Amino acid sequence: MKIQRAREYFVTGIDTNIGKTWACGLLARDLLERGISCMTSKIVQTGGIGVSEDIQTHRSIMGMDLTDIDKDTSTCPFVFGFAASPHLAAHIEGRRFSPEQVHARFDSFSSKYEIVLIEGAGGIMVPLSDDYYTIDFIKERACQVLLVSSGRLGSINHTILSLDRLIAEQCQIAGIIYVQDPACHPTIVKDTRRLLAARYPQISILDMPWGLQDRPTTGFSQNFIKK
């Protein structure tokens with residue numbers, strides 16, 4: 001019998017340290033405030049040990065403690081110590097990323113929630129093993145994709161390449177989360193957003209303030225995720 005899963009959204013980015021973890025936690029917190037049951041997860045974490053650091057950040061933003069499925073690593077089945085691409089971090093430890101194991105662990109709790117947010121590691125073409133990439137997992141899972149971008153220098157190239165590849169692979173794009181990073185030049189921030197809106201008029205763009213202190217008001221998730 002086929003498992004009835006939650007609606008699943010894959011939160012990916014144009015690069016590392018772009019704001020995926022903040023976006024995932026803020027979306028989940030807002031969903032909870034809207035009365036929608038949700039859980040966050042992550043396919044793989046590198047540069048850590050034990051429970052995923054990003055999962056811990058999600059829970060902090062959501063205002064809750066680690067859950068049992070966090071503690072038994074169901075929400076992030078693979079954590080590697082070396083801070084590198086997952087395929088390399090796994091190789092260094094003599095291990096291998098198993099998409100089948102991740103699917104099984106996610107399936108074990110997905111049906112208990114209305115929405116499950118899945119955070120990736122880096123961007124859509126990050127290799128999880130030598131012959132398996134993040135976009136392969138997205139396609140297998142049939143997730144809707146939320147792409148986190150910003151106005152940092154170089155982001156236009158990374159964002160367009162990511163969106164065009166997702167479109168070419170017929171992935172469903174739920175929207176672009178555009179991080180308002182104060183370290184970025186405001187002229188670049190404004191113009192990059194303008195260009196993306198013109199090139200992809202069919203894709204919603206949501207501006208996300210940087211940092212928890214500027215957390216959006218209730219309704220942040222409603223731009224992408226309906227009841």
# chains A, B, ... in the order shown; residues from 1 in each chain; ligands from 1
>>> residues_around(residues="segment 181-189 of chain A", least_positions_apart="4", cutoff="8 Å", atoms="only C-alpha atoms", output="list in words")
Ser150, Gly151, Arg152, Leu153, Arg193, Pro209 and Trp210 of chain A
>>> write_last_selection(atoms="N, CA and C atoms", output="PDB file, in the first residue's frame")
ATOM      1  N   SER A 150      19.588  35.758  -3.120  1.00  0.00           N
ATOM      2  CA  SER A 150      19.791  37.078  -2.525  1.00  0.00           C
ATOM      3  C   SER A 150      20.402  37.988  -3.569  1.00  0.00           C
ATOM      4  N   GLY A 151      20.744  39.193  -3.155  1.00  0.00           N
ATOM      5  CA  GLY A 151      21.359  40.143  -4.062  1.00  0.00           C
ATOM      6  C   GLY A 151      22.865  40.185  -3.947  1.00  0.00           C
ATOM      7  N   ARG A 152      23.462  39.154  -3.376  1.00  0.00           N
ATOM      8  CA  ARG A 152      24.921  39.160  -3.274  1.00  0.00           C
ATOM      9  C   ARG A 152      25.542  39.136  -4.681  1.00  0.00           C
ATOM     10  N   LEU A 153      26.735  39.661  -4.810  1.00  0.00           N
ATOM     11  CA  LEU A 153      27.412  39.726  -6.096  1.00  0.00           C
ATOM     12  C   LEU A 153      27.611  38.312  -6.647  1.00  0.00           C
ATOM     13  N   ARG A 193      16.563  41.614  -8.182  1.00  0.00           N
ATOM     14  CA  ARG A 193      15.171  41.210  -7.990  1.00  0.00           C
ATOM     15  C   ARG A 193      14.333  41.603  -9.204  1.00  0.00           C
ATOM     16  N   PRO A 209      13.476  39.140   5.355  1.00  0.00           N
ATOM     17  CA  PRO A 209      14.468  39.881   6.145  1.00  0.00           C
ATOM     18  C   PRO A 209      15.552  38.949   6.666  1.00  0.00           C
ATOM     19  N   TRP A 210      16.715  39.506   6.936  1.00  0.00           N
ATOM     20  CA  TRP A 210      17.848  38.732   7.417  1.00  0.00           C
ATOM     21  C   TRP A 210      17.839  38.686   8.935  1.00  0.00           C
TER      22      TRP A 210
END
>>> select_by_dssp(residues="segment 25-197 of chain A", states="helix (DSSP H, G or I)", output="number ranges by chain")
A: 25-33, 53-62, 68-71, 86-92, 99-110, 134-141, 155-168, 186-197
>>> select_by_dssp(residues="segment 47-223 of chain A", states="strand (DSSP E)", output="tab-separated table (two decimals) with N, CA and C atoms, in the first residue's frame")
chain	number	residue	atom	x	y	z
A	78	PHE	N	21.77	11.53	7.75
A	78	PHE	CA	23.20	11.50	7.48
A	78	PHE	C	23.86	12.79	7.98
A	79	VAL	N	24.81	12.64	8.90
A	79	VAL	CA	25.62	13.74	9.39
A	79	VAL	C	27.08	13.31	9.27
A	80	PHE	N	27.87	14.10	8.55
A	80	PHE	CA	29.29	13.80	8.35
A	80	PHE	C	30.13	14.90	8.98
A	115	ILE	N	2.38	19.39	6.30
A	115	ILE	CA	3.49	19.92	5.50
A	115	ILE	C	4.82	19.42	6.08
A	116	VAL	N	5.72	19.00	5.21
A	116	VAL	CA	7.09	18.71	5.61
A	116	VAL	C	8.02	19.54	4.74
A	117	LEU	N	8.89	20.31	5.39
A	117	LEU	CA	9.90	21.10	4.70
A	117	LEU	C	11.22	20.33	4.75
A	118	ILE	N	11.86	20.19	3.60
A	118	ILE	CA	13.13	19.45	3.52
A	118	ILE	C	14.23	20.42	3.10
A	119	GLU	N	15.21	20.61	3.95
A	119	GLU	CA	16.33	21.50	3.61
A	119	GLU	C	17.44	20.72	2.93
A	127	PRO	N	26.70	17.17	-5.30
A	127	PRO	CA	26.73	15.71	-5.35
A	127	PRO	C	26.59	15.09	-3.97
A	128	LEU	N	25.59	14.22	-3.81
A	128	LEU	CA	25.41	13.49	-2.56
A	128	LEU	C	26.25	12.22	-2.57
A	129	SER	N	26.51	11.71	-3.76
A	129	SER	CA	27.50	10.67	-3.99
A	129	SER	C	28.07	10.93	-5.37
A	132	TYR	N	25.04	10.73	-7.86
A	132	TYR	CA	23.70	11.07	-7.39
A	132	TYR	C	23.74	12.48	-6.82
A	133	TYR	N	22.84	13.34	-7.36
A	133	TYR	CA	22.86	14.75	-7.02
A	133	TYR	C	21.57	15.17	-6.30
A	144	GLN	N	7.81	20.11	-4.22
A	144	GLN	CA	7.80	21.47	-4.75
A	144	GLN	C	9.05	22.18	-4.22
A	145	VAL	N	9.63	23.03	-5.04
A	145	VAL	CA	10.92	23.63	-4.70
A	145	VAL	C	10.78	25.10	-4.34
A	146	LEU	N	11.43	25.47	-3.24
A	146	LEU	CA	11.58	26.87	-2.84
A	146	LEU	C	13.07	27.20	-2.95
A	147	LEU	N	13.42	28.12	-3.83
A	147	LEU	CA	14.82	28.47	-4.06
A	147	LEU	C	15.17	29.73	-3.29
A	148	VAL	N	16.17	29.63	-2.42
A	148	VAL	CA	16.63	30.77	-1.63
A	148	VAL	C	17.76	31.47	-2.38
A	149	SER	N	17.58	32.77	-2.61
A	149	SER	CA	18.57	33.57	-3.32
A	149	SER	C	18.75	34.89	-2.57
A	150	SER	N	19.59	35.76	-3.12
A	150	SER	CA	19.79	37.08	-2.53
A	150	SER	C	20.40	37.99	-3.57
A	172	GLN	N	8.63	21.21	-10.03
A	172	GLN	CA	7.63	22.22	-9.70
A	172	GLN	C	8.26	23.25	-8.76
A	173	ILE	N	8.28	24.51	-9.20
A	173	ILE	CA	8.89	25.58	-8.41
A	173	ILE	C	7.80	26.34	-7.69
A	174	ALA	N	7.82	26.28	-6.36
A	174	ALA	CA	6.80	26.98	-5.56
A	174	ALA	C	7.11	28.47	-5.44
A	175	GLY	N	8.38	28.84	-5.51
A	175	GLY	CA	8.71	30.25	-5.41
A	175	GLY	C	10.18	30.49	-5.13
A	176	ILE	N	10.54	31.77	-5.15
A	176	ILE	CA	11.89	32.23	-4.81
A	176	ILE	C	11.81	32.99	-3.50
A	177	ILE	N	12.65	32.62	-2.55
A	177	ILE	CA	12.77	33.38	-1.31
A	177	ILE	C	14.00	34.27	-1.45
A	178	TYR	N	13.77	35.58	-1.49
A	178	TYR	CA	14.83	36.54	-1.78
A	178	TYR	C	15.27	37.19	-0.47
A	179	VAL	N	16.45	36.79	-0.01
A	179	VAL	CA	16.95	37.24	1.29
A	179	VAL	C	17.47	38.67	1.20
A	180	GLN	N	16.98	39.52	2.10
A	180	GLN	CA	17.40	40.91	2.16
A	180	GLN	C	18.63	41.03	3.06
A	205	ILE	N	8.00	35.71	-5.96
A	205	ILE	CA	9.21	36.08	-5.23
A	205	ILE	C	8.79	36.68	-3.89
A	206	LEU	N	9.36	36.17	-2.82
A	206	LEU	CA	9.06	36.67	-1.48
A	206	LEU	C	10.33	37.24	-0.85
A	207	ASP	N	10.28	38.48	-0.38
A	207	ASP	CA	11.41	39.08	0.30
A	207	ASP	C	11.46	38.60	1.75
A	208	MET	N	12.63	38.14	2.18
A	208	MET	CA	12.79	37.64	3.54
A	208	MET	C	13.84	38.47	4.27
A	209	PRO	N	13.48	39.14	5.36
A	209	PRO	CA	14.47	39.88	6.15
A	209	PRO	C	15.55	38.95	6.67
>>> atom_distance(atom1="atom CA of Ala104 of chain A", atom2="atom CA of Ser74 of chain A")
9.0 Å
>>> residues_around(residues="segment 92-98 of chain A", least_positions_apart="3", cutoff="12 Å", atoms="only C-alpha atoms", output="PyMOL selection string")
chain A and resi 43-46+76-89+101-105+127-134+137
>>> write_last_selection(atoms="N, CA, C and O atoms", output="short mmCIF file (atom, residue, chain, number, x, y, z; two decimals), in the first residue's frame")
data_model
loop_
_atom_site.label_atom_id
_atom_site.label_comp_id
_atom_site.auth_asym_id
_atom_site.auth_seq_id
_atom_site.Cartn_x
_atom_site.Cartn_y
_atom_site.Cartn_z
N ILE A 43 18.30 16.53 4.33
CA ILE A 43 18.75 15.26 3.76
C ILE A 43 20.14 14.87 4.27
O ILE A 43 20.41 13.69 4.48
N VAL A 44 21.01 15.86 4.47
CA VAL A 44 22.36 15.56 4.92
C VAL A 44 22.98 16.82 5.51
O VAL A 44 22.71 17.92 5.06
N GLN A 45 23.81 16.63 6.54
CA GLN A 45 24.55 17.73 7.16
C GLN A 45 26.02 17.36 7.17
O GLN A 45 26.39 16.23 7.50
N THR A 46 26.87 18.29 6.78
CA THR A 46 28.31 18.06 6.90
C THR A 46 28.89 19.07 7.88
O THR A 46 28.29 20.11 8.16
N CYS A 76 17.19 13.93 9.94
CA CYS A 76 18.44 14.13 9.19
C CYS A 76 19.28 12.87 9.34
O CYS A 76 20.12 12.78 10.25
N PRO A 77 19.06 11.88 8.48
CA PRO A 77 19.70 10.57 8.65
C PRO A 77 21.21 10.55 8.46
O PRO A 77 21.86 9.63 8.95
N PHE A 78 21.77 11.53 7.75
CA PHE A 78 23.20 11.50 7.48
C PHE A 78 23.86 12.79 7.98
O PHE A 78 23.52 13.89 7.53
N VAL A 79 24.81 12.64 8.90
CA VAL A 79 25.62 13.74 9.39
C VAL A 79 27.08 13.31 9.27
O VAL A 79 27.48 12.27 9.80
N PHE A 80 27.87 14.10 8.55
CA PHE A 80 29.29 13.80 8.35
C PHE A 80 30.13 14.90 8.98
O PHE A 80 29.77 16.07 8.97
N GLY A 81 31.29 14.52 9.51
CA GLY A 81 32.10 15.46 10.27
C GLY A 81 32.84 16.49 9.45
O GLY A 81 33.02 17.62 9.90
N PHE A 82 33.28 16.11 8.24
CA PHE A 82 34.11 17.02 7.45
C PHE A 82 33.21 18.00 6.70
O PHE A 82 32.27 17.60 6.02
N ALA A 83 33.51 19.30 6.83
CA ALA A 83 32.68 20.33 6.20
C ALA A 83 33.05 20.45 4.72
O ALA A 83 33.94 21.22 4.33
N ALA A 84 32.36 19.66 3.92
CA ALA A 84 32.61 19.64 2.48
C ALA A 84 31.36 19.12 1.79
O ALA A 84 30.35 18.83 2.44
N SER A 85 31.41 19.02 0.46
CA SER A 85 30.30 18.42 -0.27
C SER A 85 30.03 17.02 0.29
O SER A 85 30.97 16.30 0.65
N PRO A 86 28.76 16.62 0.41
CA PRO A 86 28.44 15.33 1.04
C PRO A 86 29.16 14.13 0.44
O PRO A 86 29.54 13.20 1.17
N HIS A 87 29.37 14.12 -0.87
CA HIS A 87 30.04 12.96 -1.47
C HIS A 87 31.47 12.82 -0.94
O HIS A 87 31.93 11.70 -0.68
N LEU A 88 32.16 13.95 -0.75
CA LEU A 88 33.52 13.92 -0.24
C LEU A 88 33.55 13.64 1.26
O LEU A 88 34.36 12.84 1.75
N ALA A 89 32.66 14.29 2.01
CA ALA A 89 32.61 14.06 3.45
C ALA A 89 32.31 12.60 3.77
O ALA A 89 32.90 12.03 4.71
N GLN A 101 17.69 5.10 2.13
CA GLN A 101 17.57 5.21 3.59
C GLN A 101 16.89 6.53 3.98
O GLN A 101 16.05 6.56 4.88
N VAL A 102 17.22 7.60 3.27
CA VAL A 102 16.59 8.90 3.57
C VAL A 102 15.10 8.84 3.25
O VAL A 102 14.26 9.28 4.06
N HIS A 103 14.74 8.29 2.11
CA HIS A 103 13.32 8.16 1.75
C HIS A 103 12.57 7.36 2.83
O HIS A 103 11.47 7.74 3.24
N ALA A 104 13.16 6.28 3.27
CA ALA A 104 12.51 5.43 4.27
C ALA A 104 12.32 6.16 5.59
O ALA A 104 11.24 6.08 6.21
N ARG A 105 13.33 6.90 6.02
CA ARG A 105 13.22 7.63 7.29
C ARG A 105 12.20 8.75 7.18
O ARG A 105 11.41 8.98 8.11
N PRO A 127 26.70 17.17 -5.30
CA PRO A 127 26.73 15.71 -5.35
C PRO A 127 26.59 15.09 -3.97
O PRO A 127 27.35 15.42 -3.06
N LEU A 128 25.59 14.22 -3.81
CA LEU A 128 25.41 13.49 -2.56
C LEU A 128 26.25 12.22 -2.57
O LEU A 128 26.63 11.70 -1.52
N SER A 129 26.51 11.71 -3.76
CA SER A 129 27.50 10.67 -3.99
C SER A 129 28.07 10.93 -5.37
O SER A 129 27.68 11.90 -6.04
N ASP A 130 29.00 10.11 -5.83
CA ASP A 130 29.66 10.40 -7.10
C ASP A 130 28.71 10.45 -8.29
O ASP A 130 28.98 11.11 -9.29
N ASP A 131 27.59 9.73 -8.20
CA ASP A 131 26.67 9.65 -9.33
C ASP A 131 25.22 9.99 -8.96
O ASP A 131 24.28 9.61 -9.65
N TYR A 132 25.04 10.73 -7.86
CA TYR A 132 23.70 11.07 -7.39
C TYR A 132 23.74 12.48 -6.82
O TYR A 132 24.53 12.78 -5.92
N TYR A 133 22.84 13.34 -7.36
CA TYR A 133 22.86 14.75 -7.02
C TYR A 133 21.57 15.17 -6.30
O TYR A 133 20.56 14.46 -6.34
N THR A 134 21.62 16.33 -5.67
CA THR A 134 20.46 16.81 -4.93
C THR A 134 19.22 16.86 -5.82
O THR A 134 18.12 16.49 -5.39
N PHE A 137 17.31 13.66 -5.94
CA PHE A 137 16.46 13.42 -4.78
C PHE A 137 15.17 14.21 -4.90
O PHE A 137 14.09 13.70 -4.61
#
>>> atom_distance(atom1="atom CA of His158 of chain A", atom2="atom CA of Ile14 of chain A")
5.5 Å
>>> closest_residue(among="A:Ile225, A:Cys171, A:Leu163, A:Ile69", to="Arg141 of chain A", atoms="only C-alpha atoms")
A:Cys171
>>> closest_residue(among="A:Glu8, A:Asn223, A:Asn17, A:Gly25", to="Ser110 of chain A", atoms="only C-alpha atoms")
A:Glu8
>>> atom_distance(atom1="atom CA of Val51 of chain A", atom2="atom CA of Asp70 of chain A")
6.8 Å
